[in-house]
$ cat run.txt   # compact mmCIF, C-alpha atoms and all ligand atoms
# COMPACT_ATOMS: atom_id res chain seq x y z
CA MET A 1 -131.94 90.90 79.10
CA ILE A 2 -130.51 94.39 78.55
CA MET A 3 -133.22 96.00 80.69
CA PHE A 4 -132.62 93.46 83.43
CA ALA A 5 -128.86 94.12 83.28
CA LEU A 6 -129.52 97.84 83.51
CA GLY A 7 -131.57 97.49 86.69
CA LEU A 8 -129.20 94.98 88.24
CA GLY A 9 -126.11 97.09 87.43
CA ALA A 10 -127.68 100.23 88.90
CA LEU A 11 -128.74 98.41 92.05
CA ALA A 12 -125.37 96.70 92.54
CA GLY A 13 -123.59 100.03 92.04
CA ILE A 14 -125.74 101.84 94.58
CA ILE A 15 -125.31 99.08 97.18
CA VAL A 16 -121.53 99.08 96.70
CA ASN A 17 -121.45 102.88 96.79
CA ILE A 18 -123.25 102.96 100.13
CA SER A 19 -121.19 100.17 101.65
CA VAL A 20 -117.78 101.69 100.81
CA SER A 21 -118.70 105.27 101.65
CA GLY A 22 -116.33 106.71 104.27
CA ASN A 23 -113.86 103.82 103.90
CA VAL A 24 -110.90 105.13 101.88
CA GLY A 25 -109.22 101.71 101.48
CA ALA A 26 -112.39 100.03 100.19
CA GLN A 27 -113.00 102.94 97.83
CA ALA A 28 -109.54 102.50 96.31
CA VAL A 29 -110.17 98.76 95.76
CA LEU A 30 -113.53 99.59 94.16
CA ASN A 31 -111.93 102.13 91.83
CA THR A 32 -109.32 99.59 90.74
CA LEU A 33 -112.02 97.00 90.08
CA ILE A 34 -114.01 99.47 88.02
CA ASP A 35 -110.95 100.61 86.05
CA THR A 36 -109.70 97.12 85.28
CA ILE A 37 -112.91 95.15 84.74
CA ALA A 38 -116.11 97.18 84.38
CA HIS A 39 -114.56 99.99 82.34
CA PRO A 40 -112.91 97.87 79.58
CA VAL A 41 -115.95 95.61 79.16
CA GLY A 42 -118.22 98.65 78.76
CA GLN A 43 -115.74 100.28 76.41
CA ILE A 44 -115.56 97.28 74.06
CA PHE A 45 -119.32 97.51 73.53
CA LEU A 46 -119.21 101.28 73.12
CA ARG A 47 -116.31 101.20 70.69
CA LEU A 48 -117.87 98.44 68.57
CA LEU A 49 -120.77 100.84 68.08
CA PHE A 50 -118.62 103.92 67.52
CA ILE A 51 -116.40 102.12 65.04
CA VAL A 52 -119.24 101.57 62.57
CA VAL A 53 -120.73 105.09 62.73
CA VAL A 54 -118.76 106.67 59.88
CA PRO A 55 -119.00 103.86 57.28
CA LEU A 56 -122.63 103.18 58.23
CA VAL A 57 -123.78 106.79 57.84
CA PHE A 58 -121.76 107.20 54.65
CA ALA A 59 -122.97 104.03 52.96
CA SER A 60 -126.61 104.08 53.98
CA LEU A 61 -127.13 107.78 53.31
CA ALA A 62 -125.42 107.82 49.90
CA SER A 63 -127.23 104.69 48.76
CA GLY A 64 -130.55 106.01 50.13
CA VAL A 65 -130.26 109.27 48.18
CA ALA A 66 -129.01 107.56 45.03
CA GLY A 67 -131.98 105.20 45.24
CA LEU A 68 -134.50 108.06 45.55
CA GLY A 69 -134.13 108.71 41.86
CA ASP A 70 -135.73 112.12 42.15
CA ILE A 71 -133.73 114.68 44.14
CA SER A 72 -136.74 116.94 44.75
CA LYS A 73 -138.05 114.29 47.18
CA LEU A 74 -135.01 115.01 49.31
CA GLY A 75 -135.99 118.68 49.65
CA LYS A 76 -139.42 117.70 50.91
CA ILE A 77 -138.03 115.26 53.47
CA GLY A 78 -135.32 117.73 54.52
CA GLY A 79 -137.74 120.62 55.05
CA ARG A 80 -140.15 118.62 57.22
CA THR A 81 -137.31 117.07 59.18
CA LEU A 82 -135.72 120.41 60.06
CA LEU A 83 -139.07 121.93 61.02
CA PHE A 84 -139.77 118.97 63.28
CA PHE A 85 -136.34 119.36 64.91
CA LEU A 86 -136.86 123.08 65.59
CA ILE A 87 -140.37 122.82 67.00
CA THR A 88 -139.65 119.87 69.28
CA SER A 89 -136.43 121.43 70.63
CA ALA A 90 -138.20 124.72 71.37
CA PHE A 91 -141.01 122.84 73.13
CA ALA A 92 -138.53 120.86 75.25
CA ALA A 93 -136.55 123.97 76.26
CA THR A 94 -139.81 125.65 77.28
CA VAL A 95 -140.74 122.65 79.46
CA GLY A 96 -137.36 122.85 81.25
CA ILE A 97 -137.61 126.58 81.87
CA THR A 98 -141.24 126.47 82.98
CA LEU A 99 -140.65 123.70 85.54
CA LEU A 100 -137.71 125.56 87.07
CA GLU A 101 -139.53 128.89 87.02
CA VAL A 102 -142.61 127.50 88.76
CA VAL A 103 -140.83 125.58 91.53
CA ARG A 104 -137.69 127.80 91.80
CA PRO A 105 -135.54 125.23 93.65
CA GLY A 106 -132.43 127.44 93.45
CA ASP A 107 -133.91 130.27 95.54
CA GLY A 108 -133.27 128.81 98.93
CA PHE A 109 -130.05 127.01 98.02
CA ASP A 110 -127.72 126.81 101.02
CA PRO A 111 -124.84 129.32 100.42
CA ALA A 112 -122.37 127.09 102.31
CA ALA A 113 -123.20 124.12 100.05
CA ARG A 114 -122.86 126.44 97.06
CA GLU A 115 -119.31 127.42 98.06
CA ILE A 116 -118.26 123.81 98.71
CA LEU A 117 -119.56 122.70 95.31
CA MET A 118 -118.00 125.66 93.53
CA LYS A 119 -114.64 124.79 95.07
CA SER A 120 -114.72 121.05 94.51
CA TYR A 121 -115.77 121.25 90.84
CA ALA A 122 -113.85 124.45 89.92
CA THR A 123 -111.13 122.59 88.01
CA GLN A 124 -113.62 120.60 85.96
CA ALA A 125 -115.59 123.77 85.22
CA SER A 126 -112.53 125.62 83.98
CA GLU A 127 -111.52 122.63 81.84
CA ILE A 128 -114.94 122.77 80.18
CA GLN A 129 -114.66 126.53 79.83
CA SER A 130 -111.34 126.19 78.03
CA LYS A 131 -113.16 124.13 75.38
CA THR A 132 -115.60 127.00 74.76
CA GLY A 133 -112.71 129.32 73.80
CA THR A 134 -112.32 127.78 70.36
CA ALA A 135 -116.05 127.44 69.84
CA VAL A 136 -116.85 131.17 69.88
CA ALA A 137 -116.28 133.10 66.70
CA THR A 138 -115.91 136.84 66.69
CA GLY A 139 -117.14 139.27 64.04
CA VAL A 140 -119.47 138.58 61.13
CA LEU A 141 -116.74 137.04 58.95
CA GLY A 142 -115.69 134.77 61.82
CA ILE A 143 -119.25 133.52 62.29
CA VAL A 144 -119.79 133.04 58.52
CA ASN A 145 -116.56 131.03 58.27
CA GLN A 146 -117.50 128.95 61.29
CA ILE A 147 -120.86 128.06 59.73
CA LEU A 148 -119.12 127.21 56.42
CA ASP A 149 -116.66 124.97 58.27
CA MET A 150 -119.53 123.29 60.07
CA PHE A 151 -121.24 122.26 56.80
CA ILE A 152 -118.60 122.16 54.07
CA PRO A 153 -115.09 121.85 55.45
CA ARG A 154 -112.13 122.00 53.08
CA ASN A 155 -110.99 118.58 54.16
CA ILE A 156 -113.56 115.82 54.60
CA THR A 157 -111.11 113.32 56.09
CA LYS A 158 -110.08 115.78 58.80
CA ALA A 159 -113.75 116.32 59.67
CA ILE A 160 -114.28 112.55 59.83
CA VAL A 161 -111.25 112.09 62.07
CA ASN A 162 -112.86 114.57 64.48
CA MET A 163 -116.19 112.68 64.24
CA GLU A 164 -117.92 115.77 62.87
CA MET A 165 -121.13 114.37 61.49
CA ILE A 166 -122.55 117.28 59.49
CA PRO A 167 -119.72 117.35 56.89
CA LEU A 168 -120.01 113.58 56.55
CA ILE A 169 -123.75 113.91 55.96
CA VAL A 170 -123.24 116.68 53.39
CA PHE A 171 -120.59 114.64 51.57
CA SER A 172 -122.75 111.50 51.51
CA LEU A 173 -125.74 113.50 50.23
CA LEU A 174 -123.57 114.96 47.48
CA LEU A 175 -122.31 111.54 46.50
CA GLY A 176 -125.86 110.14 46.43
CA ALA A 177 -127.08 113.10 44.35
CA ALA A 178 -124.17 112.74 41.93
CA LEU A 179 -124.88 109.03 41.51
CA THR A 180 -128.37 109.82 40.21
CA LYS A 181 -126.73 111.71 37.36
CA ILE A 182 -124.35 109.02 36.07
CA ALA A 183 -124.90 106.05 33.77
CA ASP A 184 -127.38 103.44 35.06
CA GLU A 185 -125.00 100.50 35.16
CA LYS A 186 -122.35 102.48 37.07
CA ARG A 187 -124.93 103.78 39.53
CA GLU A 188 -126.36 100.32 40.13
CA ALA A 189 -122.90 98.88 40.79
CA MET A 190 -122.13 101.60 43.31
CA ILE A 191 -125.50 101.28 45.07
CA LYS A 192 -124.93 97.54 45.38
CA TRP A 193 -121.52 98.14 46.91
CA LEU A 194 -122.86 100.77 49.33
CA ASP A 195 -125.76 98.49 50.34
CA SER A 196 -123.40 95.62 51.08
CA LEU A 197 -121.21 97.90 53.18
CA SER A 198 -124.12 99.19 55.24
CA GLU A 199 -125.52 95.67 55.72
CA ALA A 200 -122.13 94.51 56.97
CA MET A 201 -121.97 97.43 59.42
CA ILE A 202 -125.43 96.60 60.73
CA THR A 203 -124.18 93.04 61.23
CA ILE A 204 -121.32 94.36 63.39
CA VAL A 205 -123.93 96.21 65.48
CA GLY A 206 -125.58 92.79 65.88
CA PHE A 207 -122.30 91.42 67.31
CA ALA A 208 -122.14 94.36 69.72
CA MET A 209 -125.71 93.75 70.83
CA LYS A 210 -124.77 90.20 71.89
CA LEU A 211 -122.38 91.80 74.35
CA ALA A 212 -124.96 94.38 75.42
CA PRO A 213 -126.37 92.85 78.64
CA ILE A 214 -123.00 92.38 80.31
CA ALA A 215 -121.63 95.67 78.93
CA VAL A 216 -124.67 97.63 80.06
CA PHE A 217 -124.32 96.11 83.53
CA CYS A 218 -120.69 97.26 83.64
CA LEU A 219 -121.38 100.75 82.28
CA ILE A 220 -124.18 101.45 84.74
CA PHE A 221 -122.34 99.85 87.64
CA SER A 222 -119.31 102.13 87.04
CA VAL A 223 -121.52 105.20 87.14
CA THR A 224 -123.66 104.38 90.16
CA ALA A 225 -120.82 102.88 92.23
CA ARG A 226 -118.91 106.15 91.94
CA PHE A 227 -121.90 108.45 92.02
CA GLY A 228 -122.09 111.11 94.72
CA LEU A 229 -125.28 109.95 96.42
CA ASP A 230 -124.91 112.66 99.09
CA LEU A 231 -124.89 115.27 96.33
CA LEU A 232 -128.18 113.90 95.15
CA GLN A 233 -129.73 115.00 98.45
CA LYS A 234 -128.54 118.60 98.08
CA LEU A 235 -129.56 118.86 94.45
CA GLY A 236 -132.56 116.56 94.77
CA ILE A 237 -135.27 118.96 93.62
CA TYR A 238 -133.20 120.19 90.70
CA VAL A 239 -132.54 116.61 89.57
CA PHE A 240 -136.17 115.61 90.13
CA LEU A 241 -137.54 118.52 88.08
CA ILE A 242 -135.28 117.78 85.11
CA LEU A 243 -136.18 114.08 85.24
CA LEU A 244 -139.83 115.12 85.38
CA GLY A 245 -139.26 117.27 82.29
CA TYR A 246 -137.71 114.30 80.46
CA ALA A 247 -140.71 112.15 81.46
CA ILE A 248 -143.16 114.77 80.14
CA VAL A 249 -141.40 114.82 76.76
CA LEU A 250 -140.95 111.05 76.50
CA PHE A 251 -144.28 109.81 77.85
CA LEU A 252 -146.60 112.67 76.88
CA PHE A 253 -145.21 114.84 74.10
CA TYR A 254 -143.74 112.09 71.89
CA PRO A 255 -146.81 109.83 72.21
CA ILE A 256 -149.06 112.76 71.26
CA LEU A 257 -146.85 113.47 68.23
CA LEU A 258 -146.94 109.78 67.28
CA LYS A 259 -150.74 109.71 67.53
CA ILE A 260 -151.26 112.89 65.52
CA LEU A 261 -148.50 112.56 62.96
CA THR A 262 -148.29 108.82 62.40
CA LYS A 263 -151.34 106.95 63.73
CA ARG A 264 -148.99 104.41 65.30
CA ASN A 265 -149.72 103.01 68.74
CA PRO A 266 -147.39 105.04 71.04
CA ILE A 267 -147.11 102.36 73.74
CA GLU A 268 -146.19 99.70 71.22
CA PHE A 269 -143.76 102.10 69.53
CA LEU A 270 -141.95 103.00 72.75
CA THR A 271 -141.81 99.35 73.83
CA LYS A 272 -140.31 98.28 70.54
CA ALA A 273 -137.83 101.16 70.73
CA SER A 274 -136.63 100.17 74.21
CA PRO A 275 -133.26 98.72 73.03
CA ILE A 276 -132.52 102.14 71.56
CA MET A 277 -133.40 103.85 74.84
CA VAL A 278 -131.31 101.48 76.96
CA THR A 279 -128.32 101.94 74.66
CA ALA A 280 -128.65 105.74 74.77
CA PHE A 281 -129.02 105.64 78.56
CA SER A 282 -125.93 103.49 79.07
CA LEU A 283 -123.70 105.29 76.58
CA SER A 284 -124.77 108.94 77.16
CA SER A 285 -123.94 109.49 73.52
CA SER A 286 -126.23 110.16 70.57
CA ASN A 287 -123.44 109.32 68.11
CA GLY A 288 -122.68 106.04 69.85
CA THR A 289 -126.38 105.11 69.81
CA LEU A 290 -126.82 105.88 66.11
CA PRO A 291 -125.95 102.40 64.76
CA THR A 292 -128.42 100.82 67.20
CA SER A 293 -131.17 103.31 66.38
CA ILE A 294 -130.71 102.72 62.63
CA ARG A 295 -130.76 98.96 63.11
CA ILE A 296 -133.82 98.85 65.39
CA SER A 297 -135.74 101.46 63.36
CA GLU A 298 -135.27 99.51 60.15
CA THR A 299 -135.72 96.01 61.47
CA VAL A 300 -138.24 96.42 64.30
CA LEU A 301 -140.07 99.73 63.83
CA GLY A 302 -140.62 99.30 60.10
CA ILE A 303 -138.96 102.56 59.04
CA ARG A 304 -137.75 102.48 55.45
CA PRO A 305 -133.94 102.39 55.21
CA LYS A 306 -134.00 105.49 53.00
CA VAL A 307 -135.74 107.48 55.73
CA ALA A 308 -133.86 106.03 58.69
CA SER A 309 -130.50 106.59 57.05
CA PHE A 310 -131.34 110.22 56.36
CA VAL A 311 -133.27 111.37 59.43
CA LEU A 312 -131.38 109.51 62.18
CA PRO A 313 -127.80 110.69 61.43
CA LEU A 314 -129.06 114.23 60.91
CA GLY A 315 -131.02 114.04 64.16
CA ALA A 316 -128.12 112.58 66.14
CA THR A 317 -126.20 115.69 65.19
CA MET A 318 -128.77 118.47 65.09
CA ASN A 319 -131.82 117.47 67.10
CA MET A 320 -131.27 117.36 70.84
CA ASN A 321 -134.54 117.91 72.65
CA GLY A 322 -133.33 116.53 75.98
CA THR A 323 -130.27 118.77 75.80
CA ALA A 324 -132.39 121.85 75.06
CA LEU A 325 -134.61 121.02 78.06
CA PHE A 326 -131.62 120.47 80.32
CA GLU A 327 -129.83 123.64 79.21
CA GLY A 328 -132.88 125.81 79.83
CA ALA A 329 -133.35 124.29 83.27
CA VAL A 330 -129.69 124.74 84.28
CA VAL A 331 -129.59 128.40 83.22
CA LEU A 332 -132.62 129.11 85.40
CA PHE A 333 -131.37 127.06 88.33
CA ILE A 334 -127.93 128.68 88.44
CA ALA A 335 -129.53 132.12 88.00
CA GLN A 336 -131.71 131.41 91.04
CA VAL A 337 -128.77 130.16 93.11
CA PHE A 338 -126.83 133.36 92.36
CA GLY A 339 -129.87 135.63 92.74
CA VAL A 340 -129.84 136.74 89.09
CA ASP A 341 -133.34 137.76 87.97
CA LEU A 342 -134.26 136.72 84.44
CA SER A 343 -137.14 138.68 82.90
CA ILE A 344 -139.70 137.00 80.62
CA SER A 345 -137.96 138.36 77.53
CA GLN A 346 -134.63 137.03 78.79
CA GLN A 347 -136.26 133.65 79.35
CA ILE A 348 -137.54 133.66 75.78
CA LEU A 349 -133.99 134.46 74.69
CA VAL A 350 -132.80 131.48 76.73
CA VAL A 351 -135.26 129.22 74.85
CA MET A 352 -133.88 130.48 71.52
CA LEU A 353 -130.27 130.10 72.64
CA CYS A 354 -130.97 126.57 73.90
CA VAL A 355 -132.46 125.57 70.55
CA ILE A 356 -129.57 127.07 68.59
CA SER A 357 -126.86 125.71 70.87
CA SER A 358 -128.38 122.23 71.01
CA ILE A 359 -127.85 122.05 67.23
CA GLY A 360 -124.13 122.59 67.72
CA VAL A 361 -123.74 120.18 70.65
CA ALA A 362 -121.58 117.13 69.94
CA GLY A 363 -123.40 113.83 70.57
CA VAL A 364 -120.90 112.62 73.16
CA PRO A 365 -121.07 112.39 76.97
CA GLY A 366 -121.17 115.90 78.44
CA GLY A 367 -121.19 117.38 74.93
CA SER A 368 -123.57 120.17 75.91
CA LEU A 369 -121.55 121.58 78.81
CA PRO A 370 -119.17 123.92 76.88
CA LEU A 371 -122.04 125.45 74.89
CA LEU A 372 -124.17 125.68 77.99
CA MET A 373 -121.54 127.95 79.55
CA ILE A 374 -121.76 130.26 76.54
CA VAL A 375 -125.56 130.43 76.87
CA MET A 376 -125.22 131.27 80.57
CA ALA A 377 -122.78 134.09 79.84
CA GLN A 378 -125.16 135.57 77.22
CA VAL A 379 -127.86 136.23 79.81
CA GLY A 380 -125.62 137.35 82.66
CA VAL A 381 -125.56 134.10 84.65
CA PRO A 382 -122.02 133.30 85.93
CA PRO A 383 -120.75 130.43 83.69
CA ASP A 384 -118.47 128.93 86.36
CA GLY A 385 -121.64 128.40 88.43
CA ILE A 386 -121.93 125.23 86.33
CA ALA A 387 -119.60 123.69 88.94
CA ILE A 388 -122.63 123.37 91.23
CA ILE A 389 -124.36 120.80 89.03
CA LEU A 390 -121.37 118.89 87.59
CA GLY A 391 -121.42 116.24 90.33
CA VAL A 392 -124.86 114.97 89.31
CA ASP A 393 -124.56 115.57 85.62
CA ARG A 394 -123.81 112.03 84.51
CA LEU A 395 -127.26 110.86 85.59
CA LEU A 396 -128.97 113.74 83.79
CA ASP A 397 -126.77 113.18 80.73
CA MET A 398 -127.96 109.58 80.46
CA GLY A 399 -131.57 110.79 80.61
CA ARG A 400 -131.20 113.62 78.11
CA THR A 401 -129.47 111.34 75.61
CA VAL A 402 -132.54 109.05 75.67
CA ILE A 403 -134.78 112.07 74.95
CA ASN A 404 -132.41 113.28 72.22
CA VAL A 405 -132.29 109.96 70.41
CA MET A 406 -136.01 109.21 70.77
CA GLY A 407 -136.81 112.62 69.25
CA ASP A 408 -134.96 111.48 66.14
CA VAL A 409 -136.69 108.10 66.09
CA VAL A 410 -140.15 109.72 66.41
CA CYS A 411 -139.21 112.12 63.61
CA SER A 412 -138.18 109.22 61.37
CA ALA A 413 -141.56 107.55 61.99
CA TYR A 414 -143.29 110.81 61.05
CA ILE A 415 -141.28 111.24 57.85
CA ASN A 416 -141.67 107.54 57.01
CA ASP A 417 -145.45 107.64 57.34
CA SER A 418 -146.12 111.08 55.89
CA VAL A 419 -143.68 111.82 53.09
CA MET A 420 -142.62 108.61 51.50
CA GLU A 421 -145.48 106.26 50.91
CA SER A 422 -143.56 104.56 48.14
N1 LIG B 501 -124.76 113.36 75.81
C1 LIG B 501 -125.67 114.08 74.97
C2 LIG B 501 -125.88 113.31 73.67
O1 LIG B 501 -124.99 112.65 73.18
C3 LIG B 501 -125.21 115.47 74.65
C4 LIG B 501 -125.28 116.33 75.90
O2 LIG B 501 -126.35 116.95 76.10
O3 LIG B 501 -124.32 116.42 76.65
O4 LIG B 501 -126.95 113.37 73.11
$ encode --input "run.txt" --output "structure tokens" --more "lines below"
Ligand code: ASP
Amino acid sequence: MIMFALGLGALAGIIVNISVSGNVGAQAVLNTLIDTIAHPVGQIFLRLLFIVVVPLVFASLASGVAGLGDISKLGKIGGRTLLFFLITSAFAATVGITLLEVVRPGDGFDPAAREILMKSYATQASEIQSKTGTAVATGVLGIVNQILDMFIPRNITKAIVNMEMIPLIVFSLLLGAALTKIADEKREAMIKWLDSLSEAMITIVGFAMKLAPIAVFCLIFSVTARFGLDLLQKLGIYVFLILLGYAIVLFLFYPILLKILTKRNPIEFLTKASPIMVTAFSLSSSNGTLPTSIRISETVLGIRPKVASFVLPLGATMNMNGTALFEGAVVLFIAQVFGVDLSISQQILVVMLCVISSIGVAGVPGGSLPLLMIVMAQVGVPPDGIAIILGVDRLLDMGRTVINVMGDVVCSAYINDSVMES
């Protein structure tokens, strides 16, 4: 049903987009319809998912760790998980850069079109740039403090209010670890309470999923009905190459990893995971998709709750393969458009920067754009050149979120099958 709604919503949006194009009055009516009907329906679904993220991650992670009994198991899972995240992100960034370097679609980019795009998206680009101001630390002490804040903030509630997931994960791990050290009866009582809380949250996700077909229709319709189809023509090759990159990772790289690391049937795995992919595609948000990926991984993919509740929240925050691929591709594309030559060593630097920055990207729509501008500046590519691609970014954002989330799901299957047999 959700898949069908996705296709139908996209098609309806495109048809409406074409039929109102050039007619200012009809466009205004369409915008009002989207704002008053499609937008709120989509938002109710999205917010039902967002609303459970914090209690779900907290309860399932703390209870999972407390139930491990032996904390050394956590180190083993953690090490493999982080290694998996790093290797897959580096691979994805390399795919993005290679595709853009081989085809070089930015070389012949029409200078007139470049100027028009730069002008029309200049305000958006400078809004994004203003967000990067607070993200860059200066000096060694500044960077050290920023890393400390990222992992152990002074105030956990403030971090939660800002939806910062890493401090929440650290706090839940600490609570779980501490529970293993207290008296049995107290620990058991707390684990029971945490388990009930996480089960109730998963049930709320179930309510949201009932709404999913109609909400997905509305979310996709809003995007395609407003989408700049004419822009798609100008940036067609750029868009095509990034989508090709996503397809390589999703249909080739992940299946190979599944075959080698898990012995699961990749086709069956991807088919069963399709509700996760559709949710990620419609929401463009890794954080928003987290409750669905936990639910489907545990109930359909047979991932143990202990593994799912550890790997998936961590992955939603730190592992963004689609984002790394996209960032690498954009840096090369904008460099080509502006005639900036990037040597092989600079391209390797771009891969490293993409991997590092994708760890810091927030799992929300457009979360990567501020950090992407920092990466561009590091290698001498004009950051405000990002204006050129902003008009088509929503489509690519939906795609990269699918790749991001599926990277986490594949990792949880690997950890489930390799580390924790019991
Ligand atoms: N929307 C992406 C996500 O939530 C982040 C990004 O690359 O903009 O995974």
$ residues_near_ligand --input "run.txt" --ligand "ligand LIG 501 (chain B)" --cutoff "6 Å" --atoms "only C-alpha atoms and all ligand atoms" --output "PyMOL selection string"
chain A and resi 284-286+323+363-368+397+401+404
$ atom_distance --input "run.txt" --atom1 "atom CA of A:Ser412" --atom2 "atom CA of A:Leu46"
23.7 Å
$ residues_around --input "run.txt" --residues "stretch 351-360 of chain A" --least-positions-apart "2" --cutoff "7 Å" --atoms "all atoms listed in the file" --output "list in words"
Ser89, Ala90, Ala93, Thr94, Thr317, Met318, Asn319, Met320, Thr323, Ala324, Glu327, Gly328, Gln347, Ile348, Leu349, Ala362, Leu371 and Val375 of chain A
$ write_last_selection --input "run.txt" --atoms "C-alpha atoms" --output "CSV table (one decimal), in the coordinates of the input"
chain,number,residue,atom,x,y,z
A,89,SER,CA,-136.4,121.4,70.6
A,90,ALA,CA,-138.2,124.7,71.4
A,93,ALA,CA,-136.6,124.0,76.3
A,94,THR,CA,-139.8,125.6,77.3
A,317,THR,CA,-126.2,115.7,65.2
A,318,MET,CA,-128.8,118.5,65.1
A,319,ASN,CA,-131.8,117.5,67.1
A,320,MET,CA,-131.3,117.4,70.8
A,323,THR,CA,-130.3,118.8,75.8
A,324,ALA,CA,-132.4,121.8,75.1
A,327,GLU,CA,-129.8,123.6,79.2
A,328,GLY,CA,-132.9,125.8,79.8
A,347,GLN,CA,-136.3,133.6,79.4
A,348,ILE,CA,-137.5,133.7,75.8
A,349,LEU,CA,-134.0,134.5,74.7
A,362,ALA,CA,-121.6,117.1,69.9
A,371,LEU,CA,-122.0,125.4,74.9
A,375,VAL,CA,-125.6,130.4,76.9
$ residues_around --input "run.txt" --residues "A:Leu194" --least-positions-apart "3" --cutoff "12 Å" --atoms "all atoms listed in the file" --output "list in words"
Pro55, Leu56, Val57, Phe58, Ala59, Ser60, Leu61, Ala62, Ser63, Gly64, Val65, Ala66, Gly67, Ser172, Leu175, Gly176, Leu179, Arg187, Glu188, Ala189, Met190, Ile191, Leu197, Ser198, Glu199, Ala200 and Met201 of chain A
$ closest_residue --input "run.txt" --among "A:Ala225, A:Ala208, A:Val361, A:Leu314" --to "A:Ile166" --atoms "only C-alpha atoms"
A:Leu314
$ closest_residue --input "run.txt" --among "A:Ile71, A:Leu117, A:Ile160, A:Ala215" --to "A:Leu174" --atoms "only C-alpha atoms"
A:Ile71
$ residues_around --input "run.txt" --residues "stretch 22-39 of chain A" --least-positions-apart "6" --cutoff "10 Å" --atoms "only C-alpha atoms" --output "list in words"
Val16, Ile214, Ala215, Val216, Phe217, Cys218, Leu219, Ile220, Phe221, Ser222, Val223, Ala225 and Arg226 of chain A
$ closest_residue --input "run.txt" --among "A:Asn287, A:Leu252, A:Pro383, A:Ile242" --to "A:Gly96" --atoms "all atoms listed in the file"
A:Ile242
$ axis_aligned_box --input "run.txt" --around "stretch 61-68 of chain A" --padding-each-side "4 Å" --output "lines of an AutoDock Vina configuration file"
center_x = -130.0
center_y = 107.0
center_z = 49.2
size_x = 17.1
size_y = 12.6
size_z = 16.3
$ residues_near_point --input "run.txt" --point "(-132.0, 127.1, 88.4)" --cutoff "8 Å" --atoms "only C-alpha atoms" --output "list of chain:residue names"
A:Leu100, A:Glu101, A:Arg104, A:Pro105, A:Gly106, A:Tyr238, A:Ala329, A:Val330, A:Val331, A:Leu332, A:Phe333, A:Ile334, A:Ala335, A:Gln336, A:Val337
$ closest_residue --input "run.txt" --among "A:Val409, A:Leu369, A:Ile374, A:Leu241" --to "A:Ile97" --atoms "only C-alpha atoms"
A:Leu241
$ atom_distance --input "run.txt" --atom1 "atom CA of A:Arg80" --atom2 "atom CA of A:Ile202"
26.7 Å
$ atom_distance --input "run.txt" --atom1 "atom CA of A:Lys306" --atom2 "atom CA of A:Ala177"
13.4 Å
$ closest_residue --input "run.txt" --among "A:Phe45, A:Phe240, A:Ala387, A:Asp149" --to "A:Lys210" --atoms "all atoms listed in the file"
A:Phe45
$ closest_residue --input "run.txt" --among "A:Leu99, A:Val52, A:Ile415, A:Glu164" --to "A:Gly78" --atoms "all atoms listed in the file"
A:Ile415
